[in-house]
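Participant: Sharing my_file09.cif here; it has mmCIF, C-alpha atoms and all ligand atoms.
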data_start
#
loop_
_atom_site.label_atom_id
_atom_site.label_comp_id
_atom_site.auth_asym_id
_atom_site.auth_seq_id
_atom_site.Cartn_x
_atom_site.Cartn_y
_atom_site.Cartn_z
CA MET A 151 -13.80 -8.32 0.17
CA LEU A 152 -16.03 -7.63 3.12
CA ILE A 153 -18.00 -4.54 2.43
CA LYS A 154 -19.60 -2.33 4.99
CA ALA A 155 -21.65 0.80 4.57
CA ASP A 156 -19.33 3.77 4.72
CA GLN A 157 -19.40 5.55 8.03
CA SER A 158 -17.66 8.73 8.90
CA ILE A 159 -15.31 8.26 11.81
CA PRO A 160 -16.84 9.64 14.99
CA SER A 161 -14.55 12.21 16.54
CA SER A 162 -14.68 10.27 19.83
CA GLU A 163 -12.81 7.48 18.08
CA ILE A 164 -10.01 9.70 16.91
CA THR A 165 -7.01 9.95 19.14
CA PRO A 166 -5.30 13.31 18.82
CA GLN A 167 -2.10 12.90 16.85
CA SER A 168 0.00 14.25 19.73
CA ALA A 169 -1.38 11.64 22.14
CA TYR A 170 -0.81 8.96 19.56
CA LEU A 171 2.77 9.91 18.96
CA ASN A 172 3.53 10.14 22.65
CA ARG A 173 2.71 6.48 22.98
CA ARG A 174 5.54 5.63 20.70
CA ARG A 175 9.24 6.28 20.86
CA PHE A 176 10.43 5.75 17.39
CA ILE A 177 13.61 6.25 15.52
CA GLY A 178 12.93 7.24 11.92
CA ALA A 179 14.43 5.19 9.11
CA ALA A 180 16.18 7.93 7.19
CA GLY A 181 16.14 10.53 9.93
CA ILE A 182 18.04 8.29 12.26
CA ALA A 183 20.54 7.44 9.58
CA SER A 184 21.83 11.01 9.57
CA ALA A 185 21.64 11.29 13.35
CA ALA A 186 23.52 8.03 13.76
CA MET A 187 26.16 9.07 11.30
CA LEU A 188 26.76 12.21 13.31
CA ALA A 189 27.16 10.04 16.38
CA GLY A 190 29.55 7.79 14.48
CA CYS A 191 27.52 4.64 14.83
CA GLU A 192 25.41 2.40 12.60
CA PRO A 193 21.86 3.53 11.94
CA ALA A 194 19.37 1.69 14.14
CA VAL A 195 16.45 1.64 11.76
CA GLY A 196 13.07 0.32 12.77
CA SER A 197 13.97 -0.37 16.36
CA ALA A 198 10.39 -0.01 17.58
CA THR A 199 7.01 0.90 16.19
CA GLY A 200 5.86 4.42 15.75
CA ALA A 201 6.08 7.58 13.78
CA GLY A 202 9.62 8.97 13.87
CA LYS A 203 10.23 11.96 11.63
CA LEU A 204 11.76 11.26 8.25
CA ASP A 205 14.24 13.21 6.13
CA TYR A 206 12.87 13.42 2.63
CA ARG A 207 12.67 15.59 -0.44
CA LYS A 208 9.36 17.41 -0.82
CA VAL A 209 7.29 16.55 -3.88
CA ASP A 210 7.90 18.64 -7.00
CA LYS A 211 4.54 20.32 -7.60
CA GLN A 212 5.43 21.32 -11.14
CA GLY A 213 6.66 17.86 -12.09
CA GLY A 214 3.73 16.81 -14.28
CA ASP A 215 4.79 13.24 -13.62
CA GLY A 216 1.76 12.23 -11.57
CA PHE A 217 3.74 12.45 -8.33
CA TYR A 218 1.61 15.33 -7.08
CA THR A 219 -2.04 16.30 -6.90
CA ASP A 220 -3.43 19.51 -5.46
CA GLU A 221 -6.62 17.76 -4.28
CA SER A 222 -7.27 18.15 -0.55
CA LEU A 223 -5.28 15.77 1.59
CA THR A 224 -7.23 13.26 3.63
CA PRO A 225 -6.53 14.17 7.28
CA PHE A 226 -3.87 12.16 9.12
CA GLU A 227 -6.51 10.87 11.56
CA ASP A 228 -8.55 9.29 8.76
CA VAL A 229 -5.53 7.86 6.97
CA THR A 230 -4.35 6.19 10.17
CA ARG A 231 -7.67 5.16 11.69
CA TYR A 232 -9.77 3.97 8.76
CA ASN A 233 -7.76 1.04 7.43
CA ASN A 234 -7.92 -2.22 5.59
CA PHE A 235 -5.35 -4.57 7.10
CA TYR A 236 -7.09 -7.91 7.52
CA GLU A 237 -4.17 -9.32 9.48
CA PHE A 238 -5.52 -7.21 12.35
CA GLY A 239 -9.21 -7.75 11.69
CA THR A 240 -11.90 -6.95 9.16
CA ASP A 241 -13.33 -3.81 10.75
CA LYS A 242 -11.88 -0.49 9.57
CA SER A 243 -11.04 0.43 13.16
CA ASP A 244 -9.35 -2.89 14.05
CA PRO A 245 -5.88 -2.12 12.65
CA ALA A 246 -5.35 1.15 14.57
CA ARG A 247 -6.76 -0.43 17.73
CA LEU A 248 -4.86 -3.71 17.57
CA ALA A 249 -1.63 -2.75 15.82
CA ASP A 250 -0.55 -0.33 18.52
CA SER A 251 2.03 -2.67 20.06
CA PHE A 252 3.11 -4.33 16.81
CA ALA A 253 6.91 -4.05 16.75
CA VAL A 254 8.61 -3.83 13.38
CA ALA A 255 12.14 -4.50 14.56
CA PRO A 256 14.04 -6.57 13.80
CA TRP A 257 12.71 -6.82 10.24
CA SER A 258 14.16 -8.45 7.16
CA VAL A 259 13.10 -8.93 3.57
CA SER A 260 13.93 -12.04 1.61
CA ILE A 261 14.70 -11.60 -2.10
CA GLU A 262 14.04 -14.73 -4.12
CA GLY A 263 13.60 -16.22 -7.58
CA GLU A 264 14.94 -14.95 -10.87
CA VAL A 265 17.61 -12.54 -9.62
CA SER A 266 21.37 -12.65 -9.45
CA LYS A 267 21.46 -11.25 -5.90
CA PRO A 268 18.98 -13.27 -3.84
CA GLY A 269 19.26 -13.27 -0.06
CA THR A 270 17.82 -12.09 3.19
CA TYR A 271 18.38 -8.41 3.69
CA THR A 272 17.86 -6.49 6.91
CA LEU A 273 15.56 -3.49 6.78
CA GLU A 274 18.67 -1.32 7.10
CA ASP A 275 20.21 -2.98 4.01
CA ILE A 276 16.99 -2.46 2.09
CA LEU A 277 16.60 1.21 2.95
CA LYS A 278 20.17 2.49 3.22
CA PRO A 279 20.96 3.55 -0.37
CA HIS A 280 17.60 5.17 -1.06
CA ALA A 281 16.93 8.87 -0.69
CA LEU A 282 13.36 9.38 0.43
CA GLU A 283 10.89 11.55 -1.44
CA GLU A 284 7.31 12.66 -1.01
CA ARG A 285 4.52 11.59 -3.36
CA ILE A 286 0.96 12.85 -3.05
CA TYR A 287 -1.23 10.13 -4.51
CA ARG A 288 -4.89 9.24 -4.71
CA LEU A 289 -5.65 5.84 -3.15
CA ARG A 290 -8.83 4.23 -4.53
CA CYS A 291 -10.10 1.17 -2.67
CA VAL A 292 -12.09 -1.45 -4.58
CA GLU A 293 -14.81 -0.86 -1.97
CA ALA A 294 -15.43 2.56 -3.63
CA TRP A 295 -13.91 4.93 -1.08
CA SER A 296 -10.77 6.94 -1.68
CA MET A 297 -8.18 9.13 0.01
CA VAL A 298 -5.38 11.50 -0.93
CA VAL A 299 -2.22 10.59 0.97
CA PRO A 300 1.17 12.29 1.20
CA TRP A 301 3.43 9.24 1.18
CA VAL A 302 7.19 9.15 1.80
CA GLY A 303 9.23 6.49 0.07
CA PHE A 304 11.34 5.64 -2.94
CA PRO A 305 10.71 4.08 -6.36
CA LEU A 306 10.32 0.30 -6.34
CA ALA A 307 12.30 0.33 -9.62
CA ASP A 308 15.42 1.50 -7.74
CA LEU A 309 15.11 -1.32 -5.22
CA ILE A 310 14.53 -3.95 -7.90
CA ALA A 311 17.54 -2.81 -9.93
CA ARG A 312 19.84 -3.58 -6.97
CA PHE A 313 19.00 -7.29 -7.05
CA GLU A 314 19.61 -7.62 -10.80
CA PRO A 315 16.62 -9.60 -12.04
CA ASN A 316 17.43 -11.88 -14.99
CA SER A 317 15.58 -12.13 -18.29
CA LYS A 318 13.18 -14.75 -16.90
CA ALA A 319 11.82 -12.31 -14.33
CA ARG A 320 8.49 -11.27 -15.86
CA PHE A 321 6.52 -10.81 -12.64
CA VAL A 322 7.23 -9.93 -9.05
CA GLN A 323 5.35 -11.29 -6.07
CA PHE A 324 5.20 -9.65 -2.63
CA THR A 325 4.37 -11.35 0.65
CA THR A 326 3.25 -9.86 3.98
CA LEU A 327 4.57 -11.12 7.32
CA TYR A 328 2.94 -14.32 8.57
CA ASP A 329 2.88 -14.36 12.36
CA PRO A 330 -0.51 -15.33 13.85
CA LYS A 331 0.75 -14.60 17.37
CA ARG A 332 1.23 -10.95 16.49
CA LEU A 333 -1.35 -10.66 13.73
CA PRO A 334 -4.68 -11.71 15.29
CA GLY A 335 -6.56 -11.76 11.98
CA GLN A 336 -4.32 -14.61 10.82
CA ALA A 337 -5.28 -16.63 13.89
CA SER A 338 -9.01 -16.02 13.52
CA PRO A 339 -11.06 -19.19 12.91
CA PHE A 340 -13.47 -17.05 10.85
CA SER A 341 -10.89 -15.85 8.36
CA THR A 342 -11.38 -17.04 4.80
CA ILE A 343 -8.02 -15.72 3.61
CA ASP A 344 -5.25 -18.15 2.80
CA TRP A 345 -2.44 -16.42 4.74
CA PRO A 346 0.03 -14.89 4.20
CA TYR A 347 -1.34 -12.04 2.08
CA VAL A 348 0.34 -12.03 -1.32
CA GLU A 349 0.26 -9.61 -4.20
CA GLY A 350 1.95 -9.30 -7.56
CA LEU A 351 2.80 -7.00 -10.43
CA ARG A 352 4.04 -7.46 -13.92
CA MET A 353 7.66 -6.35 -14.19
CA ASP A 354 6.88 -3.25 -16.28
CA GLU A 355 4.25 -2.21 -13.71
CA ALA A 356 6.73 -2.73 -10.90
CA MET A 357 9.34 -0.63 -12.74
CA ASN A 358 6.94 2.23 -13.52
CA PRO A 359 8.10 5.45 -11.79
CA LEU A 360 4.74 5.78 -9.98
CA THR A 361 5.18 2.50 -8.10
CA LEU A 362 6.43 3.39 -4.65
CA VAL A 363 7.93 1.57 -1.69
CA ALA A 364 6.44 3.66 1.11
CA VAL A 365 8.08 3.91 4.52
CA GLY A 366 6.11 6.91 5.76
CA LEU A 367 3.20 9.27 5.37
CA TYR A 368 2.65 12.86 6.46
CA GLY A 369 6.44 13.16 6.91
CA LYS A 370 6.60 10.46 9.57
CA GLU A 371 7.36 6.76 9.61
CA LEU A 372 4.45 4.49 8.78
CA LEU A 373 2.36 3.39 11.71
CA PRO A 374 1.74 -0.37 11.83
CA GLN A 375 -1.86 -0.03 10.64
CA ASN A 376 -0.59 1.52 7.40
CA GLY A 377 1.88 -1.29 6.74
CA ALA A 378 5.06 -0.50 8.66
CA PRO A 379 7.90 -0.78 8.12
CA LEU A 380 7.48 -0.89 4.33
CA ARG A 381 4.60 -1.35 1.88
CA LEU A 382 3.79 -0.85 -1.75
CA VAL A 383 1.76 2.00 -3.16
CA VAL A 384 0.48 1.45 -6.71
CA PRO A 385 -1.80 4.45 -7.20
CA TRP A 386 -3.50 3.49 -10.49
CA LYS A 387 -4.67 0.14 -9.09
CA TYR A 388 -7.28 -0.70 -6.48
CA GLY A 389 -5.85 -0.38 -2.97
CA PHE A 390 -5.61 -4.14 -2.37
CA LYS A 391 -2.58 -4.24 -4.69
CA SER A 392 -0.74 -1.92 -2.26
CA ILE A 393 0.44 -4.71 0.01
CA LYS A 394 1.56 -3.89 3.55
CA SER A 395 4.40 -5.01 5.84
CA ILE A 396 6.40 -6.82 3.17
CA VAL A 397 8.81 -9.62 4.12
CA LYS A 398 9.38 -11.29 0.77
CA ILE A 399 9.89 -10.19 -2.83
CA ARG A 400 10.04 -13.00 -5.35
CA PHE A 401 10.79 -12.65 -9.07
CA THR A 402 8.96 -15.16 -11.25
CA GLU A 403 8.51 -16.22 -14.83
CA ARG A 404 4.80 -16.98 -14.36
CA GLN A 405 2.05 -14.73 -13.12
CA PRO A 406 1.91 -15.28 -9.36
CA GLY A 407 -1.22 -15.96 -7.34
CA THR A 408 -2.63 -13.04 -5.39
CA THR A 409 -4.76 -13.13 -2.25
CA TRP A 410 -8.05 -11.60 -3.44
CA GLU A 411 -7.92 -13.20 -6.85
CA LYS A 412 -7.47 -16.61 -5.23
CA LEU A 413 -10.37 -15.92 -2.87
CA SER A 414 -12.83 -14.68 -5.49
CA PRO A 415 -11.50 -14.49 -9.05
CA ARG A 416 -14.81 -13.29 -10.44
CA GLU A 417 -14.65 -10.22 -8.24
CA TYR A 418 -10.94 -9.40 -8.01
CA GLY A 419 -8.51 -9.68 -10.88
CA PHE A 420 -4.74 -9.80 -11.00
CA TYR A 421 -4.51 -6.42 -12.77
CA ALA A 422 -7.05 -4.54 -10.63
CA ASN A 423 -6.56 -1.30 -12.53
CA VAL A 424 -9.03 1.32 -11.34
CA ASN A 425 -11.69 1.26 -14.03
CA PRO A 426 -15.12 2.93 -13.82
CA ALA A 427 -16.19 0.99 -16.93
CA VAL A 428 -15.89 -2.39 -15.20
CA ASP A 429 -18.23 -2.77 -12.25
CA HIS A 430 -17.54 -5.10 -9.38
CA PRO A 431 -20.17 -7.89 -9.62
CA ARG A 432 -21.78 -6.57 -6.42
CA TRP A 433 -21.50 -2.78 -6.86
CA SER A 434 -20.72 0.01 -9.31
CA GLN A 435 -17.21 1.37 -9.70
CA LYS A 436 -18.34 4.59 -11.40
CA HIS A 437 -18.13 6.72 -8.26
CA GLU A 438 -16.20 6.83 -5.05
CA ARG A 439 -16.55 8.42 -1.63
CA ARG A 440 -13.58 10.68 -0.95
CA LEU A 441 -12.79 10.48 2.77
CA PRO A 442 -13.61 12.05 5.11
CA THR A 443 -17.34 11.72 4.54
CA SER A 444 -20.31 12.45 6.76
CA LEU A 445 -24.06 12.20 6.59
CA TRP A 446 -24.19 15.83 5.40
CA ASN A 447 -21.19 15.52 3.11
CA PRO A 448 -21.15 12.17 1.26
CA SER A 449 -18.25 13.53 -0.82
CA ARG A 450 -19.18 11.48 -3.87
CA ILE A 451 -16.97 11.97 -6.91
CA GLU A 452 -16.56 10.30 -10.26
CA THR A 453 -13.94 7.57 -10.53
CA ARG A 454 -11.41 8.09 -13.29
CA PRO A 455 -9.78 5.41 -15.46
CA PHE A 456 -6.49 4.32 -13.94
CA ASN A 457 -7.45 6.52 -10.98
CA GLY A 458 -6.47 9.56 -13.04
CA TYR A 459 -3.00 8.28 -13.95
CA GLN A 460 -3.77 7.39 -17.60
CA GLU A 461 -0.99 9.58 -18.92
CA GLN A 462 1.58 7.70 -16.87
CA VAL A 463 0.34 4.13 -17.26
CA ALA A 464 -2.23 3.59 -20.03
CA HIS A 465 0.55 2.57 -22.45
CA LEU A 466 1.30 -0.47 -20.26
CA TYR A 467 -2.04 -1.97 -21.28
CA GLN A 468 -2.20 -1.10 -24.96
CA GLY A 469 -3.98 -3.83 -26.90
CA MET A 470 -5.27 -5.54 -23.74
CA ASP A 471 -8.97 -6.12 -23.23
CA LEU A 472 -9.48 -4.43 -19.85
CA GLN A 473 -12.96 -5.93 -19.47
CA ARG A 474 -11.32 -9.33 -19.47
CA TYR A 475 -8.12 -8.43 -17.62
CA TYR A 476 -9.78 -6.51 -14.78
N1 LIG B 1 -2.02 -5.51 2.80
C1 LIG B 1 -2.18 -6.55 3.65
N2 LIG B 1 -1.09 -7.26 4.00
N3 LIG B 1 -3.37 -6.88 4.18
C2 LIG B 1 -4.51 -6.20 3.85
O1 LIG B 1 -5.60 -6.54 4.34
N4 LIG B 1 -5.49 -4.40 2.50
C3 LIG B 1 -5.37 -3.71 1.22
C4 LIG B 1 -4.06 -2.92 1.12
N5 LIG B 1 -2.94 -3.71 1.62
C5 LIG B 1 -4.40 -5.12 2.93
C6 LIG B 1 -3.10 -4.77 2.45
C7 LIG B 1 -6.49 -2.84 0.93
S1 LIG B 1 -7.95 -3.61 0.54
C8 LIG B 1 -6.37 -1.48 0.91
S2 LIG B 1 -7.67 -0.48 0.36
C9 LIG B 1 -5.15 -0.80 1.37
O2 LIG B 1 -4.19 -1.72 1.88
C10 LIG B 1 -5.51 0.18 2.47
O3 LIG B 1 -4.38 0.87 2.89
P1 LIG B 1 -4.52 1.88 4.11
O4 LIG B 1 -5.18 1.14 5.25
O5 LIG B 1 -3.13 2.33 4.46
O6 LIG B 1 -5.40 3.02 3.62
#
Starting from the file, give its structure as structure tokens.

Facilitator:
Amino acid sequence: MLIKADQSIPSSEITPQSAYLNRRRFIGAAGIASAAMLAGCEPAVGSATGAGKLDYRKVDKQGGDGFYTDESLTPFEDVTRYNNFYEFGTDKSDPARLADSFAVAPWSVSIEGEVSKPGTYTLEDILKPHALEERIYRLRCVEAWSMVVPWVGFPLADLIARFEPNSKARFVQFTTLYDPKRLPGQASPFSTIDWPYVEGLRMDEAMNPLTLVAVGLYGKELLPQNGAPLRLVVPWKYGFKSIKSIVKIRFTERQPGTTWEKLSPREYGFYANVNPAVDHPRWSQKHERRLPTSLWNPSRIETRPFNGYQEQVAHLYQGMDLQRYY
């Protein structure tokens, strides 16, 4: 992964949220569903890009299930302007700058492999049965910076159950949209990534209650730079597992290939569990910079095993050598 020295985002680079939202006329996925029902017509989900308001259940702060943290939220401006989305470029500011006109409608997701209900589903089909809820998660990038993000979404387990995976389905692979005309990073002659971006989870990881299909953050629909219209959030793993703008979900018997592991297996493993005891070959993973940072406030904190979600997920890896399966 390309690593750059962390820089705080200069305020001149930050578009006020109001100006940002004005540029977009968006109809929210769940919000519009209720509005459309009132109007007696089909919900028109994802008909443009932008940040329509969502209807969702607020996170239960007493839950003790890992769905909530009272750590300070990373401001909306940082979450939406300091991004890794190599399809738009390798600089942290490229996605927000270049994804502005990226339209996410129409959108469909193809369900393939070891399931009894394969097929191509529209975004509306995918989202319709799921009530949205808030989750406040830590996001720890392998590059040693982190954020706290209030996501809106629904459990991946609920989506998977609808397609009825069979007993051969031991892994699930996710694929991001491939469209070099709209995703300039995919057309770049300098890119070393074998597009499209792919990621994978073991079935029990995919079914864990923490694993989220996110459609929004800060109560609004995802902006393209954060992976609209739908992405994964796997909070105990390095951020690269949280694949954006998903168009394909494939259930497999064998462990699928994943983008960063294919590119540099010594540096990026399939599991990619946050682990301060296993350094990246080129840098330490013992600490992280919690955004926003500045010259005067480097905001350096200790990294926790499984990003602090041991209680929820450590049992998934019992008996595994995590130095070997990094
Ligand atoms: N998904 C795709 N398709 N392409 C990417 O480049 N980057 C990953 C992940 N998902 C990436 C992706 C990395 S390295 C991180 S840290 C997170 O997205 C960043 O998510 P954010 O930009 O919403 O904070």

Participant: Between A:Lys391, A:His280, A:Lys267, A:Arg352, which is the closest to ligand LIG 1 (chain B) once you count only C-alpha atoms and all ligand atoms?

Facilitator: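 Checking each of A:Lys391, A:His280, A:Lys267, A:Arg352 against ligand LIG 1 (chain B), counting only C-alpha atoms and all ligand atoms, the winner is A:Lys391.
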
Participant: What's around A:Thr453 at 10 Å? Count only C-alpha atoms, leave out sequence neighbours fewer than 4 positions away in its own chain, and write the answer as a PyMOL selection string.

Facilitator: chain A and resi 290+294-296+424-427+435-439+457-458

Participant: Write as a list in words the residues around ligand LIG 1 (chain B), taking 6 Å as the cut-off and counting all atoms listed in the file.

Facilitator: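 Every residue with an atom at most 6 Å from ligand LIG 1 (chain B) is listed here: Val229, Asn233, Asn234, Phe235, Tyr236, Glu237, Cys291, Thr326, Tyr347, Asn376, Gly389, Phe390, Ser392, Ile393 and Lys394 of chain A.
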
Participant: Can you tell me, as a PyMOL selection string, what residues are no more than 7 Å from A:Lys387 when counting only C-alpha atoms, ignoring any on the same chain fewer than 5 positions away?

Facilitator: chain A and resi 422-424+456

Participant: So that I can see what lies close to A:Val209, please list as a list in words the residues with an atom at most 8 Å from it, counting all atoms listed in the file and leaving out residues fewer than 2 positions away in the same chain.

Facilitator: Arg207, Lys211, Phe217, Tyr218, Glu283, Glu284, Arg285 and Ile286 of chain A

Participant: Got a sec: who's within 10 Å of A:Gly263, counting all atoms listed in the file, leaving out chain neighbours fewer than 4 positions off, as an NGL selection string?

Facilitator: :A and (267-269 or 315-316 or 318-319 or 322-323 or 399-403)

Participant: Could you take the residues named above and write them with C-alpha atoms, as a PDB file, keeping the file's coordinate frame?

Facilitator:
ATOM      1  CA  LYS A 267      21.460 -11.250  -5.900  1.00  0.00           C
ATOM      2  CA  PRO A 268      18.980 -13.270  -3.840  1.00  0.00           C
ATOM      3  CA  GLY A 269      19.260 -13.270  -0.060  1.00  0.00           C
ATOM      4  CA  PRO A 315      16.620  -9.600 -12.040  1.00  0.00           C
ATOM      5  CA  ASN A 316      17.430 -11.880 -14.990  1.00  0.00           C
ATOM      6  CA  LYS A 318      13.180 -14.750 -16.900  1.00  0.00           C
ATOM      7  CA  ALA A 319      11.820 -12.310 -14.330  1.00  0.00           C
ATOM      8  CA  VAL A 322       7.230  -9.930  -9.050  1.00  0.00           C
ATOM      9  CA  GLN A 323       5.350 -11.290  -6.070  1.00  0.00           C
ATOM     10  CA  ILE A 399       9.890 -10.190  -2.830  1.00  0.00           C
ATOM     11  CA  ARG A 400      10.040 -13.000  -5.350  1.00  0.00           C
ATOM     12  CA  PHE A 401      10.790 -12.650  -9.070  1.00  0.00           C
ATOM     13  CA  THR A 402       8.960 -15.160 -11.250  1.00  0.00           C
ATOM     14  CA  GLU A 403       8.510 -16.220 -14.830  1.00  0.00           C
TER      15      GLU A 403
END
